[in-house]
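Q: Provided below: work.cif, containing mmCIF, C-alpha atoms and all ligand atoms.
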```cif
data_coords
loop_
_atom_site.label_atom_id
_atom_site.label_comp_id
_atom_site.auth_asym_id
_atom_site.auth_seq_id
_atom_site.Cartn_x
_atom_site.Cartn_y
_atom_site.Cartn_z
CA MET A 4 -4.66 -9.63 7.95
CA PRO A 5 -1.13 -8.58 8.89
CA PHE A 6 0.70 -11.78 7.99
CA CYS A 7 2.60 -13.04 4.94
CA LEU A 8 4.57 -16.14 3.98
CA LYS A 9 7.61 -13.92 3.47
CA ARG A 10 8.17 -10.16 3.43
CA CYS A 11 8.62 -8.64 -0.06
CA GLY A 12 11.55 -6.22 -0.27
CA TYR A 13 9.47 -3.25 -1.45
CA CYS A 14 6.60 -3.52 1.02
CA ASP A 15 6.06 -1.27 4.04
CA PHE A 16 2.61 -2.58 5.02
CA CYS A 17 1.97 -3.61 8.60
CA SER A 18 2.59 -7.32 8.19
CA SER A 19 4.93 -10.01 9.49
CA VAL A 20 5.62 -13.69 9.08
CA MET A 21 3.44 -15.32 11.75
CA SER A 22 3.17 -18.86 13.12
CA GLU A 23 -0.08 -20.81 12.66
CA SER A 24 -0.93 -20.33 16.32
CA ALA A 25 -0.42 -16.55 16.05
CA VAL A 26 -2.77 -16.47 13.03
CA ALA A 27 -5.32 -18.40 15.12
CA ASP A 28 -4.95 -15.86 17.97
CA TYR A 29 -5.27 -13.02 15.47
CA THR A 30 -8.47 -14.54 14.04
CA ALA A 31 -9.94 -14.80 17.55
CA ALA A 32 -9.10 -11.13 18.23
CA LEU A 33 -10.64 -10.08 14.94
CA VAL A 34 -13.85 -12.01 15.59
CA ARG A 35 -14.02 -10.50 19.11
CA ASN A 36 -13.76 -6.98 17.70
CA ILE A 37 -16.33 -7.59 14.95
CA ALA A 38 -18.77 -9.09 17.47
CA ALA A 39 -18.49 -5.92 19.58
CA TYR A 40 -20.68 -4.20 16.94
CA LYS A 41 -23.50 -6.70 17.35
CA GLY A 42 -26.88 -5.25 18.22
CA ARG A 43 -26.17 -1.78 16.79
CA ASN A 44 -28.15 -2.43 13.58
CA ILE A 45 -25.42 -1.17 11.28
CA ALA A 46 -26.03 -2.01 7.62
CA ALA A 47 -23.17 -2.91 5.29
CA ASP A 48 -22.99 -3.93 1.65
CA THR A 49 -19.27 -4.50 1.16
CA VAL A 50 -16.63 -6.41 3.12
CA TYR A 51 -12.93 -6.31 2.25
CA LEU A 52 -10.26 -8.63 3.68
CA GLY A 53 -6.96 -6.94 2.96
CA GLY A 54 -3.40 -7.63 3.90
CA GLY A 55 -0.84 -8.85 4.33
CA THR A 56 -2.10 -12.12 2.93
CA PRO A 57 -5.69 -12.94 3.98
CA SER A 58 -5.56 -16.02 1.75
CA LEU A 59 -3.34 -17.63 4.41
CA LEU A 60 -6.51 -18.02 6.48
CA SER A 61 -7.71 -21.60 6.68
CA GLU A 62 -11.16 -22.44 5.34
CA SER A 63 -12.60 -22.55 8.87
CA GLN A 64 -10.98 -19.22 9.89
CA MET A 65 -12.46 -17.49 6.84
CA SER A 66 -15.86 -18.92 7.59
CA GLU A 67 -15.63 -17.89 11.27
CA ILE A 68 -14.71 -14.29 10.35
CA LEU A 69 -17.45 -13.90 7.75
CA ALA A 70 -20.00 -15.53 10.05
CA ALA A 71 -19.08 -12.92 12.70
CA VAL A 72 -19.59 -10.13 10.14
CA ASP A 73 -22.96 -11.59 9.13
CA ASP A 74 -24.00 -11.93 12.76
CA SER A 75 -22.91 -8.44 13.81
CA PHE A 76 -23.97 -6.29 10.84
CA ILE A 77 -27.02 -6.21 8.60
CA LEU A 78 -25.43 -7.47 5.38
CA ASP A 79 -27.08 -6.73 2.07
CA ALA A 80 -28.01 -9.88 0.13
CA ASP A 81 -25.83 -8.85 -2.82
CA SER A 82 -22.89 -7.61 -0.74
CA GLU A 83 -19.50 -7.47 -2.43
CA ILE A 84 -17.14 -9.59 -0.31
CA THR A 85 -13.52 -9.33 -1.45
CA CYS A 86 -10.46 -11.24 -0.29
CA GLU A 87 -6.94 -10.27 -1.33
CA ALA A 88 -4.91 -13.32 -2.27
CA ASN A 89 -1.36 -14.31 -2.98
CA PRO A 90 -1.53 -16.74 -5.93
CA CYS A 91 0.69 -19.33 -4.26
CA THR A 92 -1.53 -19.65 -1.17
CA VAL A 93 -4.77 -20.89 -2.77
CA ASP A 94 -6.07 -24.00 -4.49
CA LEU A 95 -9.48 -25.05 -5.76
CA LYS A 96 -10.50 -26.65 -2.46
CA LYS A 97 -9.68 -23.52 -0.44
CA LEU A 98 -11.33 -21.20 -2.97
CA ARG A 99 -14.51 -23.32 -2.98
CA ALA A 100 -14.62 -23.09 0.81
CA TYR A 101 -14.05 -19.31 0.69
CA ARG A 102 -16.91 -19.05 -1.84
CA SER A 103 -19.21 -21.04 0.45
CA ALA A 104 -18.22 -18.75 3.33
CA GLY A 105 -19.40 -15.75 1.25
CA VAL A 106 -16.34 -14.49 -0.66
CA ASN A 107 -17.49 -13.41 -4.14
CA ARG A 108 -14.57 -11.27 -5.29
CA ILE A 109 -10.83 -12.03 -5.23
CA SER A 110 -7.97 -9.60 -5.71
CA PHE A 111 -4.78 -11.41 -6.73
CA GLY A 112 -1.34 -9.81 -6.32
CA VAL A 113 -0.11 -11.01 -9.74
CA GLN A 114 2.14 -7.97 -10.58
CA SER A 115 3.71 -9.25 -13.82
CA CYS A 116 3.68 -12.10 -16.33
CA LYS A 117 7.49 -12.16 -16.46
CA ASP A 118 9.07 -14.54 -13.97
CA ASN A 119 12.35 -12.59 -13.87
CA GLU A 120 10.40 -9.47 -12.77
CA LEU A 121 8.47 -11.46 -10.14
CA TYR A 122 11.79 -12.82 -8.88
CA ARG A 123 13.22 -9.29 -8.64
CA LEU A 124 10.21 -8.25 -6.53
CA GLY A 125 10.83 -11.22 -4.23
CA ARG A 126 7.40 -12.68 -4.99
CA LEU A 127 6.94 -16.36 -4.22
CA HIS A 128 4.80 -17.19 -7.27
CA ASN A 129 5.52 -17.45 -10.97
CA PHE A 130 3.08 -16.44 -13.69
CA LYS A 131 1.96 -20.02 -14.36
CA GLN A 132 0.86 -20.30 -10.71
CA ALA A 133 -0.94 -16.96 -10.93
CA ALA A 134 -2.84 -18.03 -14.06
CA GLU A 135 -3.76 -21.33 -12.38
CA ALA A 136 -4.98 -19.48 -9.27
CA VAL A 137 -7.24 -17.25 -11.41
CA GLY A 138 -8.56 -20.36 -13.20
CA ALA A 139 -9.23 -22.08 -9.86
CA ALA A 140 -11.17 -19.05 -8.59
CA GLN A 141 -13.31 -19.08 -11.73
CA LYS A 142 -13.92 -22.82 -11.26
CA ALA A 143 -14.93 -22.10 -7.66
CA ASP A 144 -17.63 -19.78 -9.04
CA ILE A 145 -15.81 -16.55 -8.11
CA GLU A 146 -16.05 -14.62 -11.34
CA ASN A 147 -15.36 -11.11 -10.09
CA ILE A 148 -11.57 -11.17 -10.11
CA SER A 149 -9.08 -8.34 -9.88
CA CYS A 150 -5.35 -8.59 -10.55
CA ASP A 151 -2.64 -6.14 -9.50
CA ILE A 152 -0.09 -5.14 -12.12
CA MET A 153 3.04 -3.30 -11.06
CA LEU A 154 4.77 -0.57 -13.04
CA GLY A 155 8.48 0.24 -12.66
CA ILE A 156 9.78 -3.20 -11.62
CA PRO A 157 13.56 -3.68 -12.07
CA GLU A 158 14.20 -5.11 -15.58
CA GLN A 159 10.67 -4.13 -16.77
CA THR A 160 10.38 -2.40 -20.16
CA LEU A 161 7.40 -0.96 -22.04
CA ASP A 162 7.32 -4.18 -24.05
CA THR A 163 7.23 -6.48 -21.03
CA LEU A 164 4.64 -4.24 -19.36
CA GLY A 165 2.48 -4.54 -22.50
CA GLU A 166 2.94 -8.30 -22.42
CA SER A 167 1.87 -8.41 -18.76
CA ILE A 168 -1.23 -6.35 -19.48
CA ASP A 169 -2.17 -8.57 -22.43
CA LYS A 170 -1.59 -11.89 -20.65
CA ILE A 171 -3.21 -10.86 -17.38
CA THR A 172 -6.32 -9.30 -18.95
CA ALA A 173 -6.66 -12.39 -21.17
CA LEU A 174 -7.28 -14.52 -18.05
CA GLY A 175 -10.96 -13.53 -18.12
CA ILE A 176 -10.76 -11.14 -15.17
CA THR A 177 -12.99 -8.13 -14.45
CA HIS A 178 -10.69 -5.59 -12.79
CA VAL A 179 -7.07 -4.40 -12.75
CA SER A 180 -5.22 -2.25 -10.23
CA ALA A 181 -2.02 -0.84 -11.74
CA TYR A 182 0.39 0.55 -9.16
CA MET A 183 3.75 2.20 -9.63
CA LEU A 184 6.57 0.69 -7.59
CA LYS A 185 7.50 3.20 -4.93
CA ILE A 186 10.63 2.76 -2.87
CA GLU A 187 9.59 3.29 0.73
CA ASP A 188 12.09 4.48 3.32
CA GLY A 189 13.54 1.75 5.50
CA THR A 190 12.52 -1.19 3.26
CA PRO A 191 15.17 -3.54 1.79
CA PHE A 192 14.58 -1.82 -1.61
CA ASP A 193 15.68 1.48 -0.04
CA CYS A 194 19.31 1.15 -1.21
CA ASN A 195 21.43 2.66 -3.98
CA GLU A 196 21.64 -0.58 -5.92
CA ILE A 197 17.86 -0.94 -6.36
CA ARG A 198 17.28 2.80 -6.70
CA GLY A 199 19.75 2.74 -9.58
CA GLU A 200 17.83 -0.06 -11.31
CA VAL A 201 14.19 1.01 -11.08
CA ALA A 202 12.52 3.27 -13.63
CA GLY A 203 13.12 7.00 -13.20
CA ASP A 204 10.23 9.49 -13.05
CA ASP A 205 10.05 10.07 -16.83
CA GLU A 206 10.21 6.39 -17.63
CA LEU A 207 7.56 5.65 -15.00
CA ALA A 208 5.32 8.37 -16.45
CA ASP A 209 5.66 6.75 -19.90
CA MET A 210 4.75 3.38 -18.41
CA TYR A 211 1.68 4.80 -16.69
CA LEU A 212 0.34 6.54 -19.81
CA TYR A 213 1.05 3.40 -21.83
CA ALA A 214 -0.78 1.21 -19.28
CA VAL A 215 -3.84 3.50 -19.28
CA LYS A 216 -4.04 3.26 -23.09
CA ARG A 217 -3.34 -0.46 -23.35
CA LEU A 218 -5.82 -1.37 -20.61
CA SER A 219 -8.50 0.69 -22.31
CA GLU A 220 -7.78 -1.12 -25.61
CA ARG A 221 -8.27 -4.40 -23.73
CA GLY A 222 -11.72 -3.28 -22.48
CA PHE A 223 -10.71 -2.05 -19.01
CA ALA A 224 -11.95 1.50 -18.49
CA GLN A 225 -10.12 3.66 -16.01
CA TYR A 226 -12.30 4.88 -13.15
CA GLU A 227 -9.63 5.95 -10.64
CA ILE A 228 -5.93 6.89 -10.76
CA SER A 229 -4.80 3.27 -10.39
CA ASN A 230 -7.98 1.28 -11.06
CA PHE A 231 -9.53 -0.08 -14.24
CA SER A 232 -12.48 -2.38 -14.80
CA ARG A 233 -14.82 -3.98 -17.25
CA GLU A 234 -18.16 -2.19 -17.27
CA GLY A 235 -20.03 -2.61 -14.00
CA PHE A 236 -17.09 -4.19 -12.13
CA GLU A 237 -15.63 -1.15 -10.35
CA SER A 238 -14.65 -2.04 -6.77
CA ARG A 239 -17.76 -1.04 -4.83
CA HIS A 240 -15.79 -1.17 -1.60
CA ASN A 241 -12.87 1.02 -2.65
CA LEU A 242 -15.22 3.56 -4.23
CA LYS A 243 -16.56 4.23 -0.73
CA TYR A 244 -13.15 5.57 0.37
CA TRP A 245 -13.11 8.06 -2.50
CA THR A 246 -16.73 9.16 -2.28
CA GLY A 247 -16.74 9.87 1.45
CA GLU A 248 -18.98 6.98 2.55
CA PRO A 249 -18.53 5.49 6.02
CA TYR A 250 -16.49 2.34 6.70
CA ILE A 251 -15.25 0.49 9.77
CA GLY A 252 -11.75 -1.01 9.80
CA PHE A 253 -10.58 -3.86 12.02
CA GLY A 254 -6.98 -4.80 12.82
CA PRO A 255 -3.63 -3.06 13.26
CA SER A 256 -3.21 -0.07 10.93
CA ALA A 257 -6.89 -0.17 9.86
CA HIS A 258 -8.57 3.18 9.33
CA SER A 259 -12.25 3.98 9.86
CA TYR A 260 -14.67 6.76 9.00
CA PHE A 261 -17.74 6.18 11.05
CA GLY A 262 -20.19 8.33 12.99
CA GLY A 263 -18.62 11.44 11.42
CA ARG A 264 -15.24 10.57 12.98
CA ARG A 265 -12.01 9.35 11.39
CA PHE A 266 -9.95 7.00 13.53
CA PHE A 267 -7.28 4.33 13.18
CA VAL A 268 -5.86 1.35 15.04
CA PRO A 269 -2.14 1.65 15.92
CA PRO A 270 0.07 -0.69 13.83
CA ASN A 271 0.88 -3.04 16.70
CA ILE A 272 -0.06 -6.65 16.02
CA LYS A 273 0.74 -7.95 19.52
CA SER A 274 -1.33 -5.29 21.22
CA PHE A 275 -4.27 -5.97 18.84
CA ILE A 276 -4.19 -9.66 19.75
CA SER A 277 -3.91 -9.12 23.51
CA SER A 278 -6.32 -6.17 23.96
CA PRO A 279 -9.92 -7.06 24.81
CA LEU A 280 -10.94 -4.54 22.12
CA GLN A 281 -8.82 -2.73 19.56
CA ILE A 282 -7.38 0.64 20.57
CA GLU A 283 -8.77 3.40 18.35
CA GLU A 284 -7.02 6.76 18.00
CA SER A 285 -8.75 9.76 16.48
CA GLU A 286 -7.42 11.49 13.42
CA ASP A 287 -7.97 15.21 12.83
CA GLU A 288 -11.03 16.19 14.90
CA ALA A 289 -12.07 19.00 12.55
CA PRO A 290 -11.43 17.83 8.99
CA ASN A 291 -11.80 20.34 6.18
CA LEU A 292 -14.61 18.68 4.23
CA ALA A 293 -14.03 20.70 1.04
CA GLU A 294 -10.33 19.78 0.99
CA GLU A 295 -11.18 16.14 1.59
CA TYR A 296 -13.72 16.24 -1.22
CA VAL A 297 -11.15 17.69 -3.66
CA MET A 298 -8.43 15.31 -2.53
CA LEU A 299 -10.53 12.15 -2.81
CA GLY A 300 -12.82 13.19 -5.69
CA LEU A 301 -9.99 14.12 -8.06
CA ARG A 302 -8.65 10.56 -7.82
CA LEU A 303 -11.78 9.48 -9.70
CA CYS A 304 -12.30 9.81 -13.46
CA LYS A 305 -15.69 11.40 -12.79
CA GLY A 306 -13.90 14.14 -10.82
CA ILE A 307 -15.56 16.75 -8.60
CA SER A 308 -18.50 19.11 -8.83
CA LEU A 309 -18.07 22.86 -8.34
CA ASP A 310 -21.61 23.13 -6.96
CA ARG A 311 -20.79 20.59 -4.28
CA LEU A 312 -17.66 22.58 -3.39
CA LYS A 313 -19.79 25.71 -3.06
CA SER A 314 -22.15 23.82 -0.76
CA TYR A 315 -19.28 23.63 1.78
CA GLY A 316 -19.41 27.44 1.95
CA PHE A 317 -16.44 28.17 -0.34
CA ASN A 318 -16.04 30.85 -2.96
CA THR A 319 -14.85 28.91 -5.98
CA GLU A 320 -13.65 31.84 -8.14
CA GLY A 321 -9.93 31.48 -7.30
CA PHE A 322 -10.30 27.71 -7.54
CA LEU A 323 -11.80 27.94 -11.03
CA ARG A 324 -9.08 30.41 -12.14
CA GLU A 325 -6.41 27.93 -11.04
CA ALA A 326 -8.30 25.05 -12.69
CA LYS A 327 -8.41 26.95 -16.01
CA LEU A 328 -4.62 27.42 -15.90
CA LEU A 329 -4.14 23.71 -15.32
CA GLU A 330 -6.61 22.96 -18.13
CA ARG A 331 -4.47 25.00 -20.55
CA ASN A 332 -1.55 22.73 -19.62
CA GLY A 333 -3.57 19.60 -20.43
CA LEU A 334 -3.67 18.45 -16.80
CA LEU A 335 -7.42 18.64 -16.27
CA ARG A 336 -10.69 19.25 -18.06
CA ILE A 337 -13.65 21.37 -17.06
CA PHE A 338 -17.07 20.12 -18.22
CA GLY A 339 -19.75 22.56 -17.04
CA ASP A 340 -19.88 22.00 -13.31
CA ARG A 341 -17.35 19.15 -13.21
CA ILE A 342 -13.56 19.12 -13.01
CA VAL A 343 -11.70 15.95 -13.96
CA LEU A 344 -7.98 15.20 -14.19
CA THR A 345 -6.52 13.87 -17.46
CA ALA A 346 -4.15 10.86 -17.46
CA GLU A 347 -1.24 13.38 -17.52
CA GLY A 348 -2.89 15.13 -14.55
CA PHE A 349 -3.18 11.87 -12.60
CA LEU A 350 0.60 11.56 -12.86
CA VAL A 351 1.07 14.78 -10.89
CA SER A 352 -2.17 14.64 -8.92
CA ASN A 353 -0.59 15.48 -5.55
CA GLY A 354 0.76 18.79 -6.87
CA ILE A 355 -2.52 19.66 -8.61
CA ILE A 356 -4.58 18.89 -5.52
CA ALA A 357 -2.25 21.03 -3.38
CA ARG A 358 -2.56 23.96 -5.83
CA LEU A 359 -6.34 23.68 -6.05
CA THR A 360 -6.95 23.32 -2.32
CA ASP A 361 -4.66 26.32 -1.66
CA SER A 362 -6.88 28.38 -3.94
CA LEU A 363 -10.08 27.62 -1.99
CA GLU A 364 -11.38 30.77 -0.26
CA LYS A 365 -14.11 31.03 2.36
S1 LIG B 1 2.76 -10.33 0.10
FE1 LIG B 1 1.91 -8.24 -0.10
S2 LIG B 1 1.62 -7.51 2.02
FE2 LIG B 1 2.98 -9.32 2.11
S3 LIG B 1 5.04 -8.45 2.10
FE3 LIG B 1 4.53 -8.94 -0.05
S4 LIG B 1 3.63 -7.03 -0.87
FE4 LIG B 1 3.66 -6.85 1.38
#
```
Show me this structure written as structure tokens.
Ligand code: SF4
A:
Amino acid sequence: MPFCLKRCGYCDFCSSVMSESAVADYTAALVRNIAAYKGRNIAADTVYLGGGTPSLLSESQMSEILAAVDDSFILDADSEITCEANPCTVDLKKLRAYRSAGVNRISFGVQSCKDNELYRLGRLHNFKQAAEAVGAAQKADIENISCDIMLGIPEQTLDTLGESIDKITALGITHVSAYMLKIEDGTPFDCNEIRGEVAGDDELADMYLYAVKRLSERGFAQYEISNFSREGFESRHNLKYWTGEPYIGFGPSAHSYFGGRRFFVPPNIKSFISSPLQIEESEDEAPNLAEEYVMLGLRLCKGISLDRLKSYGFNTEGFLREAKLLERNGLLRIFGDRIVLTAEGFLVSNGIIARLTDSLEK
């Protein structure tokens, strides 16, 4: 859902401020594209409305979109249906209508409990509104609730991060995504003034390790680099991306992995609205499955299996040698057949994954 009330200075997602009539046209295009899958007997057990700000959809637009999904796919009775939400765009009436339309999981972009930090991010809500939005979702019978917490916000300290973790997890939620603020090229945050104010790499690393520990003390177990949940509340949808299961994406910038092919929709909102069906461009035609498995699997706390790597036809001797070196440096652990990154390893996961995939030999 590539629309927001206002653009945040740090965001580089495909999203713009859209008029009500443009959102209506977008909804129609989305429904048209979903309906194109009707009759193909494709089963699904998770649906994820991401953004942008999907919670800007009216009650009837949400119900139209989910009715199209239900009509075009074979939806499991206990499907996980998530909607991302900006706390200042929902109230009890809207959340009740979303629940009736099928939404049973909400992911709120809370980010912090400190209003000065929210202001620095350019967010439109304060913490009181965020807490009220979570309460309204619970009242609307949506109990599976995730909140985003951001690390490295200007003016944030370890103390205020700890306060955010405590206050946000105390709202009775089931899941937390903790992301580090990254300054993306070309965004309003990409300037010397902001770069000079945000946490440096060492400070950010301290914040990450602190968040992992504090969230665990509050009952939220880490299951992926940036994701933590109460037992049994891992995001079923997002796990599919990391475990190589198929998914179909709709809308500008959406990626898909379906029928053994990876493809994406170009990030052009106007063209998505005006095209009879979304344009889909193929990604790499011959992906290296072993590399993909290492890259995605090492994001997860359960890590990867050496036997599975071997099943792709690779000799894992060099890989294991490299893994043992990294283990000596405290960056990963080897348990029998499995290799898992430590919290310190997650901090430098890109480098580790590059080293390990370079050591794979046919
Ligand atoms: S609300 Fe979310 S998607 Fe929209 S601009 Fe802000 S961070 Fe980006």
Q: Using only C-alpha atoms, what table do you get, as CSV, when you list each residue of region 5-41 of chain A with an atom no more than 10 Å from region 74-88 of chain A, its nearest pair of atoms, and their distance in Å rounded to one decimal, rows by chain then rising number?
A:
```
residue,atom,partner,partner_atom,distance
A:Val34,CA,A:Ser75,CA,9.9
A:Ile37,CA,A:Ser75,CA,6.7
A:Ala38,CA,A:Ser75,CA,5.6
A:Ala39,CA,A:Ser75,CA,7.7
A:Tyr40,CA,A:Ser75,CA,5.7
A:Lys41,CA,A:Ser75,CA,4.0
```
Q: Between chain A and ligand LIG 1 (chain B), at 10 Å or less, what are the per-residue closest atom pairs and their distances in Å? Count all atoms listed in the file, order by chain and rising residue number, and return it as JSON lines.
A:
```
{"residue": "A:Met4", "atom": "CA", "partner": "B:LIG1", "partner_atom": "S2", "distance": 8.9}
{"residue": "A:Pro5", "atom": "CA", "partner": "B:LIG1", "partner_atom": "S2", "distance": 7.5}
{"residue": "A:Phe6", "atom": "CA", "partner": "B:LIG1", "partner_atom": "FE2", "distance": 6.8}
{"residue": "A:Cys7", "atom": "CA", "partner": "B:LIG1", "partner_atom": "FE2", "distance": 4.7}
{"residue": "A:Leu8", "atom": "CA", "partner": "B:LIG1", "partner_atom": "S1", "distance": 7.2}
{"residue": "A:Lys9", "atom": "CA", "partner": "B:LIG1", "partner_atom": "S3", "distance": 6.2}
{"residue": "A:Arg10", "atom": "CA", "partner": "B:LIG1", "partner_atom": "S3", "distance": 3.8}
{"residue": "A:Cys11", "atom": "CA", "partner": "B:LIG1", "partner_atom": "FE3", "distance": 4.1}
{"residue": "A:Gly12", "atom": "CA", "partner": "B:LIG1", "partner_atom": "S3", "distance": 7.3}
{"residue": "A:Tyr13", "atom": "CA", "partner": "B:LIG1", "partner_atom": "S4", "distance": 7.0}
{"residue": "A:Cys14", "atom": "CA", "partner": "B:LIG1", "partner_atom": "FE4", "distance": 4.5}
{"residue": "A:Asp15", "atom": "CA", "partner": "B:LIG1", "partner_atom": "FE4", "distance": 6.6}
{"residue": "A:Phe16", "atom": "CA", "partner": "B:LIG1", "partner_atom": "FE4", "distance": 5.7}
{"residue": "A:Cys17", "atom": "CA", "partner": "B:LIG1", "partner_atom": "S2", "distance": 7.7}
{"residue": "A:Ser18", "atom": "CA", "partner": "B:LIG1", "partner_atom": "S2", "distance": 6.2}
{"residue": "A:Ser19", "atom": "CA", "partner": "B:LIG1", "partner_atom": "S3", "distance": 7.6}
{"residue": "A:Val20", "atom": "CA", "partner": "B:LIG1", "partner_atom": "FE2", "distance": 8.6}
{"residue": "A:Gly53", "atom": "CA", "partner": "B:LIG1", "partner_atom": "S2", "distance": 8.7}
{"residue": "A:Gly54", "atom": "CA", "partner": "B:LIG1", "partner_atom": "S2", "distance": 5.4}
{"residue": "A:Gly55", "atom": "CA", "partner": "B:LIG1", "partner_atom": "S2", "distance": 3.6}
{"residue": "A:Thr56", "atom": "CA", "partner": "B:LIG1", "partner_atom": "FE2", "distance": 5.9}
{"residue": "A:Pro57", "atom": "CA", "partner": "B:LIG1", "partner_atom": "S2", "distance": 9.3}
{"residue": "A:Glu87", "atom": "CA", "partner": "B:LIG1", "partner_atom": "FE1", "distance": 9.2}
{"residue": "A:Ala88", "atom": "CA", "partner": "B:LIG1", "partner_atom": "S1", "distance": 8.6}
{"residue": "A:Asn89", "atom": "CA", "partner": "B:LIG1", "partner_atom": "S1", "distance": 6.5}
{"residue": "A:Pro90", "atom": "CA", "partner": "B:LIG1", "partner_atom": "S1", "distance": 9.8}
{"residue": "A:Phe111", "atom": "CA", "partner": "B:LIG1", "partner_atom": "FE1", "distance": 9.9}
{"residue": "A:Gly112", "atom": "CA", "partner": "B:LIG1", "partner_atom": "FE1", "distance": 7.2}
{"residue": "A:Gln114", "atom": "CA", "partner": "B:LIG1", "partner_atom": "S4", "distance": 9.9}
{"residue": "A:Leu124", "atom": "CA", "partner": "B:LIG1", "partner_atom": "FE3", "distance": 8.6}
{"residue": "A:Gly125", "atom": "CA", "partner": "B:LIG1", "partner_atom": "FE3", "distance": 7.9}
{"residue": "A:Arg126", "atom": "CA", "partner": "B:LIG1", "partner_atom": "FE3", "distance": 6.8}
{"residue": "A:Leu127", "atom": "CA", "partner": "B:LIG1", "partner_atom": "S1", "distance": 8.5}
```
Q: For Ala181 (chain A), which residue among A:Leu69, A:Leu334, A:Val201, A:Cys150 is the nearest when counting all atoms listed in the file?
A: A:Cys150
Q: One decimal, Å: what's the distance from CA of Ile228 (chain A) over to CA of Gln132 (chain A), could you say?
A: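 Answer for the CA of Ile228 (chain A) to CA of Gln132 (chain A) separation: 28.0 Å.
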Q: Would you mind reading off the distance between CA of Lys117 (chain A) and CA of Gly155 (chain A), one decimal, in Å?
A: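 Distance between the two atoms: 13.0 Å.
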